[in-house]
$ cat run_39.csv   # CSV, C-alpha atoms
chain,number,residue,atom,x,y,z
A,1107,LEU,CA,61.2,109.0,90.2
A,1108,ASN,CA,63.6,111.1,88.1
A,1109,THR,CA,62.1,114.3,89.4
A,1110,ILE,CA,62.5,113.1,93.0
A,1111,LEU,CA,66.1,112.0,92.5
A,1112,LYS,CA,66.9,115.3,90.9
A,1113,GLU,CA,65.4,117.2,93.8
A,1114,VAL,CA,67.5,115.1,96.2
A,1115,GLY,CA,70.5,115.8,94.1
A,1116,ASN,CA,69.8,119.5,94.1
A,1117,GLU,CA,69.6,119.5,97.9
A,1118,LEU,CA,72.9,117.7,98.1
A,1119,ILE,CA,74.4,120.3,95.9
A,1120,LEU,CA,73.1,123.1,98.2
A,1121,ILE,CA,74.7,121.3,101.2
A,1122,THR,CA,77.9,120.9,99.2
A,1123,GLN,CA,77.9,124.6,98.4
A,1124,GLN,CA,77.5,125.5,102.1
A,1125,HIS,CA,80.0,123.0,103.4
A,1126,GLY,CA,82.6,123.5,100.6
A,1127,ASP,CA,82.3,127.3,100.7
A,1128,SER,CA,84.2,127.8,97.5
A,1129,THR,CA,84.6,131.5,98.0
A,1130,SER,CA,86.9,130.8,100.9
A,1131,CYS,CA,88.7,127.7,99.6
A,1132,PHE,CA,91.6,129.6,98.0
A,1133,LYS,CA,92.0,131.8,101.1
A,1134,GLY,CA,91.9,129.2,103.9
A,1135,GLU,CA,94.4,126.7,105.2
A,1136,PRO,CA,95.0,123.9,102.6
A,1137,PRO,CA,94.6,121.0,105.0
A,1138,GLU,CA,91.2,122.2,106.3
A,1139,VAL,CA,90.0,123.1,102.8
A,1140,LEU,CA,91.1,119.8,101.3
A,1141,LEU,CA,89.3,117.9,104.1
A,1142,ARG,CA,86.1,119.8,103.4
A,1143,LEU,CA,86.4,119.1,99.7
A,1144,GLU,CA,87.1,115.4,100.3
A,1145,GLN,CA,84.0,115.2,102.5
A,1146,CYS,CA,81.9,116.8,99.7
A,1147,ASP,CA,83.3,114.5,97.1
A,1148,SER,CA,82.7,111.4,99.3
A,1149,ALA,CA,79.1,112.3,100.1
A,1150,LEU,CA,78.2,112.9,96.5
A,1151,ARG,CA,79.8,109.8,95.3
A,1152,GLN,CA,78.2,107.7,98.0
A,1153,TRP,CA,74.8,109.0,97.1
A,1154,LYS,CA,75.3,108.4,93.4
A,1155,LYS,CA,76.6,104.9,94.1
A,1156,ALA,CA,73.6,104.1,96.4
A,1157,VAL,CA,71.1,105.2,93.7
A,1158,LEU,CA,72.8,103.0,91.1
A,1159,GLN,CA,72.8,100.1,93.5
A,1160,HIS,CA,69.1,100.5,94.1
A,1161,VAL,CA,68.5,100.5,90.4
A,1162,GLN,CA,70.4,97.3,90.0
A,1163,VAL,CA,68.7,95.6,92.9
A,1164,SER,CA,65.2,96.6,91.6
A,1165,GLU,CA,66.1,95.1,88.2
A,1166,GLU,CA,67.1,91.9,89.9
A,1167,LYS,CA,64.4,91.6,92.6
A,1168,ILE,CA,61.4,93.2,90.9
A,1169,PRO,CA,62.0,92.9,87.2
A,1170,ALA,CA,58.3,93.7,86.6
A,1171,CYS,CA,58.6,97.1,88.1
A,1172,PRO,CA,62.3,98.2,88.3
A,1173,TRP,CA,63.6,101.6,89.0
A,1174,ARG,CA,63.8,103.4,85.6
A,1175,ILE,CA,65.9,106.5,85.7
A,1176,ASP,CA,67.5,108.8,83.2
A,1177,LYS,CA,71.1,108.8,84.5
A,1178,ASP,CA,72.2,111.7,82.4
A,1179,SER,CA,69.3,113.8,83.7
A,1180,VAL,CA,69.6,112.7,87.3
A,1181,PHE,CA,73.4,112.9,87.7
A,1182,SER,CA,74.3,115.7,85.3
A,1183,ARG,CA,74.5,118.4,87.9
A,1184,ILE,CA,76.1,116.1,90.4
A,1185,ASP,CA,78.8,115.2,87.9
A,1186,ILE,CA,79.5,118.8,87.3
A,1187,ILE,CA,80.1,119.4,91.0
A,1188,LEU,CA,82.3,116.3,91.3
A,1189,LEU,CA,84.4,117.6,88.5
A,1190,ARG,CA,84.6,121.1,90.1
A,1191,VAL,CA,85.6,119.6,93.5
A,1192,GLN,CA,88.3,117.6,91.8
A,1193,GLN,CA,89.6,120.7,90.0
A,1194,MET,CA,89.6,122.7,93.2
A,1195,ARG,CA,91.5,120.0,95.0
A,1196,GLU,CA,94.1,119.7,92.3
A,1197,ILE,CA,94.6,123.5,92.3
A,1198,ILE,CA,95.1,123.6,96.1
A,1199,LEU,CA,97.4,120.6,96.1
A,1200,THR,CA,99.5,122.3,93.5
A,1201,PHE,CA,99.6,125.4,95.7
A,1202,VAL,CA,101.0,123.3,98.5
A,1203,CYS,CA,103.8,122.0,96.2
A,1204,TYR,CA,104.5,125.3,94.5
A,1205,PHE,CA,104.6,127.2,97.8
A,1206,ARG,CA,107.9,125.3,98.5
A,1207,LEU,CA,109.5,127.2,95.6
A,1208,GLU,CA,109.8,130.2,97.8
A,1209,ARG,CA,112.2,128.3,100.1
A,1210,ILE,CA,114.2,126.3,97.5
A,1211,GLU,CA,117.7,127.5,97.0
A,1212,ILE,CA,119.6,126.3,93.9
A,1213,GLY,CA,123.4,126.1,94.3
A,1214,GLY,CA,126.2,125.6,91.8
A,1215,PRO,CA,127.6,128.0,89.3
A,1216,LYS,CA,124.2,128.7,87.7
A,1217,GLY,CA,122.4,128.9,91.0
A,1218,GLY,CA,121.7,132.6,90.9
A,1219,VAL,CA,120.3,132.6,87.4
A,1220,LEU,CA,118.2,129.5,87.9
A,1221,SER,CA,116.9,130.8,91.2
A,1222,LYS,CA,115.7,134.0,89.5
A,1223,ARG,CA,113.9,132.0,86.8
A,1224,MET,CA,112.3,129.9,89.5
A,1225,ALA,CA,111.2,133.0,91.4
A,1226,HIS,CA,109.5,134.3,88.2
A,1227,ILE,CA,107.5,131.0,88.0
A,1228,PHE,CA,106.5,131.2,91.6
A,1229,SER,CA,105.4,134.8,91.1
A,1230,GLU,CA,103.3,133.9,88.1
A,1231,PHE,CA,101.7,130.9,90.0
A,1232,MET,CA,100.8,133.0,93.0
A,1233,GLN,CA,99.2,135.7,90.8
A,1234,GLN,CA,97.1,133.0,89.1
A,1235,TYR,CA,96.2,131.4,92.5
A,1236,ASP,CA,95.3,134.7,94.0
A,1237,HIS,CA,93.0,135.2,91.0
A,1238,PHE,CA,90.9,132.3,92.3
A,1239,GLY,CA,90.9,133.8,95.8
A,1240,GLY,CA,89.7,137.1,94.5
A,1241,GLN,CA,86.6,135.8,92.7
A,1242,THR,CA,83.1,136.2,94.0
A,1243,TYR,CA,81.4,133.5,92.1
A,1244,ASP,CA,80.5,130.2,93.6
A,1245,ALA,CA,82.6,127.5,91.9
A,1246,LEU,CA,80.3,124.8,93.3
A,1247,ASP,CA,77.3,126.3,91.5
A,1248,PRO,CA,76.7,124.0,88.5
A,1249,GLU,CA,75.2,127.0,86.5
A,1250,GLU,CA,78.4,129.0,87.0
A,1251,GLN,CA,80.6,128.8,83.9
A,1252,GLN,CA,83.4,131.2,84.7
A,1253,PHE,CA,85.2,128.8,87.1
A,1254,SER,CA,85.5,126.2,84.3
A,1255,LYS,CA,87.1,128.8,82.1
A,1256,ASP,CA,89.5,130.0,84.8
A,1257,ALA,CA,90.4,126.4,85.6
A,1258,GLN,CA,91.3,125.7,82.0
A,1259,VAL,CA,93.5,128.8,81.9
A,1260,TYR,CA,95.2,127.6,85.0
A,1261,LYS,CA,95.7,124.1,83.6
A,1262,ASP,CA,97.3,125.6,80.4
A,1263,LYS,CA,99.6,127.7,82.5
A,1264,SER,CA,100.5,124.8,84.7
A,1265,ARG,CA,101.9,122.9,81.8
A,1266,ASN,CA,104.1,125.9,80.9
A,1267,TRP,CA,105.3,126.2,84.5
A,1268,GLU,CA,106.1,122.6,84.7
A,1269,ARG,CA,108.1,122.7,81.4
A,1270,ARG,CA,110.1,125.6,82.7
A,1271,LEU,CA,110.7,124.0,86.1
A,1272,THR,CA,111.9,120.8,84.3
A,1273,ALA,CA,114.4,122.9,82.4
A,1274,ILE,CA,115.6,124.5,85.6
A,1275,VAL,CA,116.0,121.2,87.4
A,1276,SER,CA,117.8,119.7,84.4
A,1277,GLU,CA,120.3,122.6,84.1
A,1278,SER,CA,120.8,122.5,87.9
A,1279,LEU,CA,121.6,118.8,87.9
A,1280,GLU,CA,124.2,119.3,85.1
A,1281,SER,CA,126.2,121.6,87.4
A,1282,GLU,CA,125.7,119.9,90.8
A,1283,PRO,CA,129.1,119.1,92.3
A,1284,SER,CA,128.2,115.7,93.8
A,1285,VAL,CA,125.7,112.9,93.4
A,1286,VAL,CA,124.3,113.7,96.9
A,1287,SER,CA,123.6,117.4,96.1
A,1288,ALA,CA,122.0,116.3,92.8
A,1289,PHE,CA,119.6,114.0,94.6
A,1290,LYS,CA,118.8,116.8,97.2
A,1291,THR,CA,117.8,119.0,94.3
A,1292,ILE,CA,115.5,116.3,92.9
A,1293,ASP,CA,113.9,115.9,96.3
A,1294,SER,CA,113.3,119.6,96.6
A,1295,PHE,CA,111.0,119.5,93.5
A,1296,GLU,CA,109.1,116.4,94.6
A,1297,GLY,CA,105.5,116.6,93.5
A,1298,LEU,CA,106.1,119.5,91.0
A,1299,LEU,CA,107.3,117.5,88.0
A,1300,ASN,CA,104.6,114.9,87.2
A,1301,SER,CA,104.2,115.1,83.4
A,1302,GLU,CA,105.5,112.3,81.1
A,1303,GLU,CA,108.0,114.8,79.6
A,1304,ALA,CA,109.3,115.8,83.1
A,1305,ARG,CA,109.7,112.2,84.2
A,1306,HIS,CA,111.5,111.3,81.0
A,1307,GLU,CA,113.9,114.2,81.5
A,1308,LEU,CA,114.6,113.2,85.1
A,1309,GLN,CA,115.1,109.6,84.1
A,1310,LYS,CA,117.9,110.7,81.7
A,1311,LYS,CA,119.5,112.7,84.5
A,1312,LEU,CA,119.2,109.7,86.9
A,1313,SER,CA,121.0,107.6,84.4
A,1314,ARG,CA,123.8,110.1,84.2
A,1315,LEU,CA,124.0,110.3,88.0
A,1316,PHE,CA,124.3,106.5,88.1
A,1317,GLU,CA,127.2,106.8,85.6
A,1318,ARG,CA,128.9,109.4,87.9
A,1319,LEU,CA,128.4,107.1,90.9
A,1320,ALA,CA,129.9,104.2,89.0
A,1321,THR,CA,132.9,106.3,88.2
A,1322,GLU,CA,133.3,107.3,91.8
A,1323,ILE,CA,133.1,103.6,92.9
A,1324,GLN,CA,135.7,102.6,90.3
A,1325,THR,CA,138.0,105.4,91.5
A,1326,VAL,CA,137.8,104.3,95.1
A,1327,GLN,CA,138.2,100.6,94.1
A,1328,LYS,CA,141.3,101.5,92.2
A,1329,ALA,CA,142.7,103.4,95.1
A,1330,PHE,CA,142.1,100.5,97.4
A,1331,THR,CA,143.5,97.9,95.0
A,1332,GLU,CA,146.7,99.9,94.5
A,1333,GLY,CA,147.2,100.8,98.1
A,1334,LYS,CA,146.1,97.7,100.1
A,1335,GLU,CA,149.5,96.1,100.0
A,1336,ASN,CA,151.2,99.3,101.3
A,1337,PRO,CA,148.5,101.5,102.9
A,1338,PRO,CA,149.4,105.2,103.4
A,1339,LYS,CA,150.7,106.1,106.9
A,1340,PHE,CA,148.9,108.6,109.0
A,1341,TYR,CA,150.8,110.8,111.5
A,1342,ASN,CA,150.4,109.7,115.1
A,1343,PHE,CA,148.3,106.6,114.1
A,1344,PRO,CA,149.4,103.1,114.9
A,1345,PHE,CA,149.8,101.0,111.8
A,1346,LEU,CA,146.5,99.0,112.1
A,1347,ALA,CA,144.6,102.0,113.2
A,1348,GLY,CA,146.0,103.9,110.2
A,1349,CYS,CA,144.9,101.1,107.9
A,1350,VAL,CA,141.4,101.1,109.3
A,1351,TRP,CA,141.2,104.9,109.0
A,1352,TRP,CA,142.4,104.7,105.4
A,1353,VAL,CA,139.7,102.2,104.5
A,1354,HIS,CA,137.1,104.2,106.3
A,1355,SER,CA,138.1,107.4,104.4
A,1356,LEU,CA,137.8,105.5,101.1
A,1357,ALA,CA,134.3,104.2,102.0
A,1358,SER,CA,133.2,107.7,103.2
A,1359,ARG,CA,133.9,109.0,99.7
A,1360,ILE,CA,131.1,106.8,98.2
A,1361,GLU,CA,128.8,105.9,101.1
A,1362,PRO,CA,126.7,109.1,101.0
A,1363,SER,CA,126.3,108.8,97.2
A,1364,MET,CA,125.4,105.2,97.5
A,1365,LYS,CA,122.7,105.9,100.2
A,1366,SER,CA,121.2,108.7,98.1
A,1367,PHE,CA,121.1,106.5,95.1
A,1368,LEU,CA,119.5,103.5,96.9
A,1369,GLN,CA,116.8,105.8,98.4
A,1370,HIS,CA,115.8,106.9,94.9
A,1371,ALA,CA,116.3,103.5,93.1

$ encode --input "run_39.csv" --output "structure tokens"
Amino acid sequence: LNTILKEVGNELILITQQHGDSTSCFKGEPPEVLLRLEQCDSALRQWKKAVLQHVQVSEEKIPACPWRIDKDSVFSRIDIILLRVQQMREIILTFVCYFRLERIEIGGPKGGVLSKRMAHIFSEFMQQYDHFGGQTYDALDPEEQQFSKDAQVYKDKSRNWERRLTAIVSESLESEPSVVSAFKTIDSFEGLLNSEEARHELQKKLSRLFERLATEIQTVQKAFTEGKENPPKFYNFPFLAGCVWWVHSLASRIEPSMKSFLQHA
């Protein structure tokens, strides 16, 4: 039985190699490639699940003659391919996120310097990504070891890129002129800062943004309290219309910031 299941597994691996076509994965369109990899992952997992279910059923229904399999032997190659598929998907998903760096523009007094640092990260990432695209080995071959080494190098570099991006975002937020622009900066890097360290740093910045928003609200509240008995007059505005316009102008000072904060709360 073990031999038969291993043969079936090997056939599934061959089909996965043909359908996944790893040599083109890092050159093709991400949505199409991700779909192929998802299909490969799903098919292998369903087969593995079906085998384990049959083992369980045989133990329950025919305890005198159940399916006895060596799981490590039967699934070892399948598990390698499942890991490879997962690694390839993660690399391609990262590419989708990092490719946005080319279009992100950082403003503020440090915008030029920070943008150059970000461009260096993007260049390093693309060089590493192109390395995968230039390989001739089959990443979906369980006997091929080079992909695992390349994937580990990529993973190590990814940590470095994320730390540097976190520092860039942190410095950018310090110099953003408004709460709204600060949240736009955070949105620009969505999906790129996922580590615990990055989330912790962003949380600190969000706390400071909340303090800035609270200060803005207090300033507007003070202006309203001090001026409500004798609102400022506006040229060519009737008195009531001028009052309404004054209140509207106060609200407009904090409304965009409030909306941005609530969207990220």

$ closest_atom_pairs --input "run_39.csv" --of "range 1153-1236 of chain A" --to "range 1263-1278 of chain A" --cutoff "10 Å" --atoms "all atoms listed in the file" --output "Markdown table"
| residue | atom | partner | partner_atom | distance |
| --- | --- | --- | --- | --- |
| A:Ile1197 | CA | A:Ser1264 | CA | 9.7 |
| A:Thr1200 | CA | A:Ser1264 | CA | 9.2 |
| A:Ile1212 | CA | A:Ser1278 | CA | 7.2 |
| A:Gly1213 | CA | A:Ser1278 | CA | 7.8 |
| A:Gly1214 | CA | A:Ser1278 | CA | 7.3 |
| A:Pro1215 | CA | A:Ser1278 | CA | 8.9 |
| A:Lys1216 | CA | A:Ser1278 | CA | 7.1 |
| A:Gly1217 | CA | A:Ser1278 | CA | 7.3 |
| A:Val1219 | CA | A:Ile1274 | CA | 9.5 |
| A:Leu1220 | CA | A:Ile1274 | CA | 6.1 |
| A:Ser1221 | CA | A:Ile1274 | CA | 8.5 |
| A:Arg1223 | CA | A:Ile1274 | CA | 7.8 |
| A:Met1224 | CA | A:Leu1271 | CA | 7.0 |
| A:His1226 | CA | A:Trp1267 | CA | 9.8 |
| A:Ile1227 | CA | A:Trp1267 | CA | 6.3 |
| A:Phe1228 | CA | A:Trp1267 | CA | 8.8 |
| A:Glu1230 | CA | A:Trp1267 | CA | 8.7 |
| A:Phe1231 | CA | A:Trp1267 | CA | 8.1 |
| A:Gln1234 | CA | A:Lys1263 | CA | 8.8 |

$ write_last_selection --input "run_39.csv" --atoms "C-alpha atoms" --output "short mmCIF file (atom, residue, chain, number, x, y, z; two decimals), in the coordinates of the input"
data_model
loop_
_atom_site.label_atom_id
_atom_site.label_comp_id
_atom_site.auth_asym_id
_atom_site.auth_seq_id
_atom_site.Cartn_x
_atom_site.Cartn_y
_atom_site.Cartn_z
CA ILE A 1197 94.60 123.50 92.30
CA THR A 1200 99.50 122.30 93.50
CA ILE A 1212 119.60 126.30 93.90
CA GLY A 1213 123.40 126.10 94.30
CA GLY A 1214 126.20 125.60 91.80
CA PRO A 1215 127.60 128.00 89.30
CA LYS A 1216 124.20 128.70 87.70
CA GLY A 1217 122.40 128.90 91.00
CA VAL A 1219 120.30 132.60 87.40
CA LEU A 1220 118.20 129.50 87.90
CA SER A 1221 116.90 130.80 91.20
CA ARG A 1223 113.90 132.00 86.80
CA MET A 1224 112.30 129.90 89.50
CA HIS A 1226 109.50 134.30 88.20
CA ILE A 1227 107.50 131.00 88.00
CA PHE A 1228 106.50 131.20 91.60
CA GLU A 1230 103.30 133.90 88.10
CA PHE A 1231 101.70 130.90 90.00
CA GLN A 1234 97.10 133.00 89.10
#

$ atom_distance --input "run_39.csv" --atom1 "CA of Arg1359 in chain A" --atom2 "CA of Arg1314 in chain A"
18.5 Å

$ residues_around --input "run_39.csv" --residues "Tyr1243 in chain A" --least-positions-apart "3" --cutoff "10 Å" --atoms "all atoms listed in the file" --output "ChimeraX atom specification"
/A:1128-1129,1238,1240,1246-1247,1250-1253

$ atom_distance --input "run_39.csv" --atom1 "CA of Val1259 in chain A" --atom2 "CA of Tyr1235 in chain A"
11.2 Å

$ closest_residue --input "run_39.csv" --among "A:Ile1360, A:Ala1347, A:Leu1111, A:Ala1304" --to "Val1285 in chain A" --atoms "all atoms listed in the file"
A:Ile1360

$ closest_residue --input "run_39.csv" --among "A:Gln1159, A:Thr1109, A:Gln1124, A:Gln1369" --to "Ala1245 in chain A" --atoms "all atoms listed in the file"
A:Gln1124

$ atom_distance --input "run_39.csv" --atom1 "CA of Pro1136 in chain A" --atom2 "CA of Phe1201 in chain A"
8.4 Å

$ decode --input "run_39.csv" --residues "range 1250-1289 of chain A" --atoms "N, CA and C atoms" --output "PDB file, in the first residue's frame"
ATOM      1  N   GLU A1250      15.438  18.903  -5.989  1.00  0.00           N
ATOM      2  CA  GLU A1250      16.200  20.129  -6.231  1.00  0.00           C
ATOM      3  C   GLU A1250      16.371  20.900  -4.920  1.00  0.00           C
ATOM      4  N   GLN A1251      17.613  21.149  -4.531  1.00  0.00           N
ATOM      5  CA  GLN A1251      17.896  21.794  -3.253  1.00  0.00           C
ATOM      6  C   GLN A1251      18.218  23.284  -3.378  1.00  0.00           C
ATOM      7  N   GLN A1252      18.564  23.732  -4.570  1.00  0.00           N
ATOM      8  CA  GLN A1252      19.020  25.114  -4.717  1.00  0.00           C
ATOM      9  C   GLN A1252      17.913  26.119  -4.416  1.00  0.00           C
ATOM     10  N   PHE A1253      16.674  25.775  -4.788  1.00  0.00           N
ATOM     11  CA  PHE A1253      15.586  26.722  -4.531  1.00  0.00           C
ATOM     12  C   PHE A1253      15.444  26.993  -3.038  1.00  0.00           C
ATOM     13  N   SER A1254      15.563  25.956  -2.220  1.00  0.00           N
ATOM     14  CA  SER A1254      15.445  26.140  -0.772  1.00  0.00           C
ATOM     15  C   SER A1254      16.516  27.098  -0.261  1.00  0.00           C
ATOM     16  N   LYS A1255      17.727  26.977  -0.807  1.00  0.00           N
ATOM     17  CA  LYS A1255      18.804  27.883  -0.406  1.00  0.00           C
ATOM     18  C   LYS A1255      18.504  29.309  -0.852  1.00  0.00           C
ATOM     19  N   ASP A1256      18.027  29.448  -2.097  1.00  0.00           N
ATOM     20  CA  ASP A1256      17.698  30.780  -2.613  1.00  0.00           C
ATOM     21  C   ASP A1256      16.547  31.401  -1.825  1.00  0.00           C
ATOM     22  N   ALA A1257      15.573  30.574  -1.462  1.00  0.00           N
ATOM     23  CA  ALA A1257      14.421  31.074  -0.711  1.00  0.00           C
ATOM     24  C   ALA A1257      14.840  31.556   0.675  1.00  0.00           C
ATOM     25  N   GLN A1258      15.810  30.878   1.280  1.00  0.00           N
ATOM     26  CA  GLN A1258      16.291  31.295   2.598  1.00  0.00           C
ATOM     27  C   GLN A1258      17.042  32.620   2.501  1.00  0.00           C
ATOM     28  N   VAL A1259      17.849  32.765   1.453  1.00  0.00           N
ATOM     29  CA  VAL A1259      18.556  34.038   1.232  1.00  0.00           C
ATOM     30  C   VAL A1259      17.540  35.165   1.058  1.00  0.00           C
ATOM     31  N   TYR A1260      16.510  34.889   0.272  1.00  0.00           N
ATOM     32  CA  TYR A1260      15.459  35.880   0.037  1.00  0.00           C
ATOM     33  C   TYR A1260      14.761  36.248   1.348  1.00  0.00           C
ATOM     34  N   LYS A1261      14.476  35.253   2.169  1.00  0.00           N
ATOM     35  CA  LYS A1261      13.790  35.494   3.440  1.00  0.00           C
ATOM     36  C   LYS A1261      14.629  36.380   4.352  1.00  0.00           C
ATOM     37  N   ASP A1262      15.928  36.104   4.407  1.00  0.00           N
ATOM     38  CA  ASP A1262      16.824  36.914   5.239  1.00  0.00           C
ATOM     39  C   ASP A1262      16.870  38.359   4.742  1.00  0.00           C
ATOM     40  N   LYS A1263      16.942  38.519   3.436  1.00  0.00           N
ATOM     41  CA  LYS A1263      16.977  39.870   2.876  1.00  0.00           C
ATOM     42  C   LYS A1263      15.650  40.590   3.089  1.00  0.00           C
ATOM     43  N   SER A1264      14.559  39.846   3.056  1.00  0.00           N
ATOM     44  CA  SER A1264      13.236  40.450   3.258  1.00  0.00           C
ATOM     45  C   SER A1264      13.137  41.094   4.632  1.00  0.00           C
ATOM     46  N   ARG A1265      13.703  40.428   5.627  1.00  0.00           N
ATOM     47  CA  ARG A1265      13.689  41.001   6.979  1.00  0.00           C
ATOM     48  C   ARG A1265      14.437  42.328   6.996  1.00  0.00           C
ATOM     49  N   ASN A1266      15.569  42.358   6.301  1.00  0.00           N
ATOM     50  CA  ASN A1266      16.358  43.586   6.239  1.00  0.00           C
ATOM     51  C   ASN A1266      15.599  44.690   5.512  1.00  0.00           C
ATOM     52  N   TRP A1267      14.970  44.347   4.389  1.00  0.00           N
ATOM     53  CA  TRP A1267      14.197  45.349   3.644  1.00  0.00           C
ATOM     54  C   TRP A1267      13.060  45.904   4.495  1.00  0.00           C
ATOM     55  N   GLU A1268      12.394  45.028   5.227  1.00  0.00           N
ATOM     56  CA  GLU A1268      11.258  45.486   6.027  1.00  0.00           C
ATOM     57  C   GLU A1268      11.713  46.401   7.160  1.00  0.00           C
ATOM     58  N   ARG A1269      12.842  46.077   7.785  1.00  0.00           N
ATOM     59  CA  ARG A1269      13.364  46.954   8.839  1.00  0.00           C
ATOM     60  C   ARG A1269      13.689  48.332   8.276  1.00  0.00           C
ATOM     61  N   ARG A1270      14.291  48.355   7.104  1.00  0.00           N
ATOM     62  CA  ARG A1270      14.647  49.639   6.494  1.00  0.00           C
ATOM     63  C   ARG A1270      13.410  50.414   6.058  1.00  0.00           C
ATOM     64  N   LEU A1271      12.410  49.711   5.535  1.00  0.00           N
ATOM     65  CA  LEU A1271      11.165  50.387   5.158  1.00  0.00           C
ATOM     66  C   LEU A1271      10.449  50.941   6.387  1.00  0.00           C
ATOM     67  N   THR A1272      10.484  50.183   7.469  1.00  0.00           N
ATOM     68  CA  THR A1272       9.859  50.648   8.706  1.00  0.00           C
ATOM     69  C   THR A1272      10.509  51.946   9.170  1.00  0.00           C
ATOM     70  N   ALA A1273      11.827  52.005   9.080  1.00  0.00           N
ATOM     71  CA  ALA A1273      12.546  53.221   9.472  1.00  0.00           C
ATOM     72  C   ALA A1273      12.165  54.394   8.572  1.00  0.00           C
ATOM     73  N   ILE A1274      12.015  54.126   7.278  1.00  0.00           N
ATOM     74  CA  ILE A1274      11.637  55.179   6.330  1.00  0.00           C
ATOM     75  C   ILE A1274      10.243  55.712   6.652  1.00  0.00           C
ATOM     76  N   VAL A1275       9.298  54.803   6.868  1.00  0.00           N
ATOM     77  CA  VAL A1275       7.928  55.220   7.185  1.00  0.00           C
ATOM     78  C   VAL A1275       7.906  55.996   8.496  1.00  0.00           C
ATOM     79  N   SER A1276       8.657  55.517   9.468  1.00  0.00           N
ATOM     80  CA  SER A1276       8.700  56.182  10.770  1.00  0.00           C
ATOM     81  C   SER A1276       9.208  57.613  10.639  1.00  0.00           C
ATOM     82  N   GLU A1277      10.295  57.793   9.902  1.00  0.00           N
ATOM     83  CA  GLU A1277      10.845  59.141   9.710  1.00  0.00           C
ATOM     84  C   GLU A1277       9.889  60.015   8.914  1.00  0.00           C
ATOM     85  N   SER A1278       9.228  59.417   7.937  1.00  0.00           N
ATOM     86  CA  SER A1278       8.290  60.179   7.121  1.00  0.00           C
ATOM     87  C   SER A1278       7.117  60.683   7.955  1.00  0.00           C
ATOM     88  N   LEU A1279       6.602  59.829   8.828  1.00  0.00           N
ATOM     89  CA  LEU A1279       5.454  60.218   9.650  1.00  0.00           C
ATOM     90  C   LEU A1279       5.809  61.340  10.614  1.00  0.00           C
ATOM     91  N   GLU A1280       7.063  61.373  11.035  1.00  0.00           N
ATOM     92  CA  GLU A1280       7.492  62.424  11.957  1.00  0.00           C
ATOM     93  C   GLU A1280       7.402  63.806  11.312  1.00  0.00           C
ATOM     94  N   SER A1281       7.572  63.857   9.991  1.00  0.00           N
ATOM     95  CA  SER A1281       7.619  65.154   9.315  1.00  0.00           C
ATOM     96  C   SER A1281       6.377  65.450   8.476  1.00  0.00           C
ATOM     97  N   GLU A1282       5.374  64.570   8.528  1.00  0.00           N
ATOM     98  CA  GLU A1282       4.157  64.829   7.756  1.00  0.00           C
ATOM     99  C   GLU A1282       3.443  66.059   8.312  1.00  0.00           C
ATOM    100  N   PRO A1283       2.969  66.951   7.433  1.00  0.00           N
ATOM    101  CA  PRO A1283       2.371  68.204   7.899  1.00  0.00           C
ATOM    102  C   PRO A1283       0.982  68.049   8.510  1.00  0.00           C
ATOM    103  N   SER A1284       0.290  66.954   8.210  1.00  0.00           N
ATOM    104  CA  SER A1284      -1.070  66.796   8.728  1.00  0.00           C
ATOM    105  C   SER A1284      -1.354  65.335   9.038  1.00  0.00           C
ATOM    106  N   VAL A1285      -2.409  65.128   9.819  1.00  0.00           N
ATOM    107  CA  VAL A1285      -2.831  63.771  10.156  1.00  0.00           C
ATOM    108  C   VAL A1285      -3.272  63.030   8.896  1.00  0.00           C
ATOM    109  N   VAL A1286      -3.963  63.733   8.002  1.00  0.00           N
ATOM    110  CA  VAL A1286      -4.460  63.116   6.768  1.00  0.00           C
ATOM    111  C   VAL A1286      -3.305  62.610   5.916  1.00  0.00           C
ATOM    112  N   SER A1287      -2.297  63.445   5.716  1.00  0.00           N
ATOM    113  CA  SER A1287      -1.151  63.035   4.892  1.00  0.00           C
ATOM    114  C   SER A1287      -0.388  61.897   5.554  1.00  0.00           C
ATOM    115  N   ALA A1288      -0.363  61.881   6.885  1.00  0.00           N
ATOM    116  CA  ALA A1288       0.320  60.799   7.599  1.00  0.00           C
ATOM    117  C   ALA A1288      -0.381  59.463   7.348  1.00  0.00           C
ATOM    118  N   PHE A1289      -1.702  59.471   7.394  1.00  0.00           N
ATOM    119  CA  PHE A1289      -2.442  58.237   7.145  1.00  0.00           C
ATOM    120  C   PHE A1289      -2.315  57.798   5.686  1.00  0.00           C
TER     121      PHE A1289
END
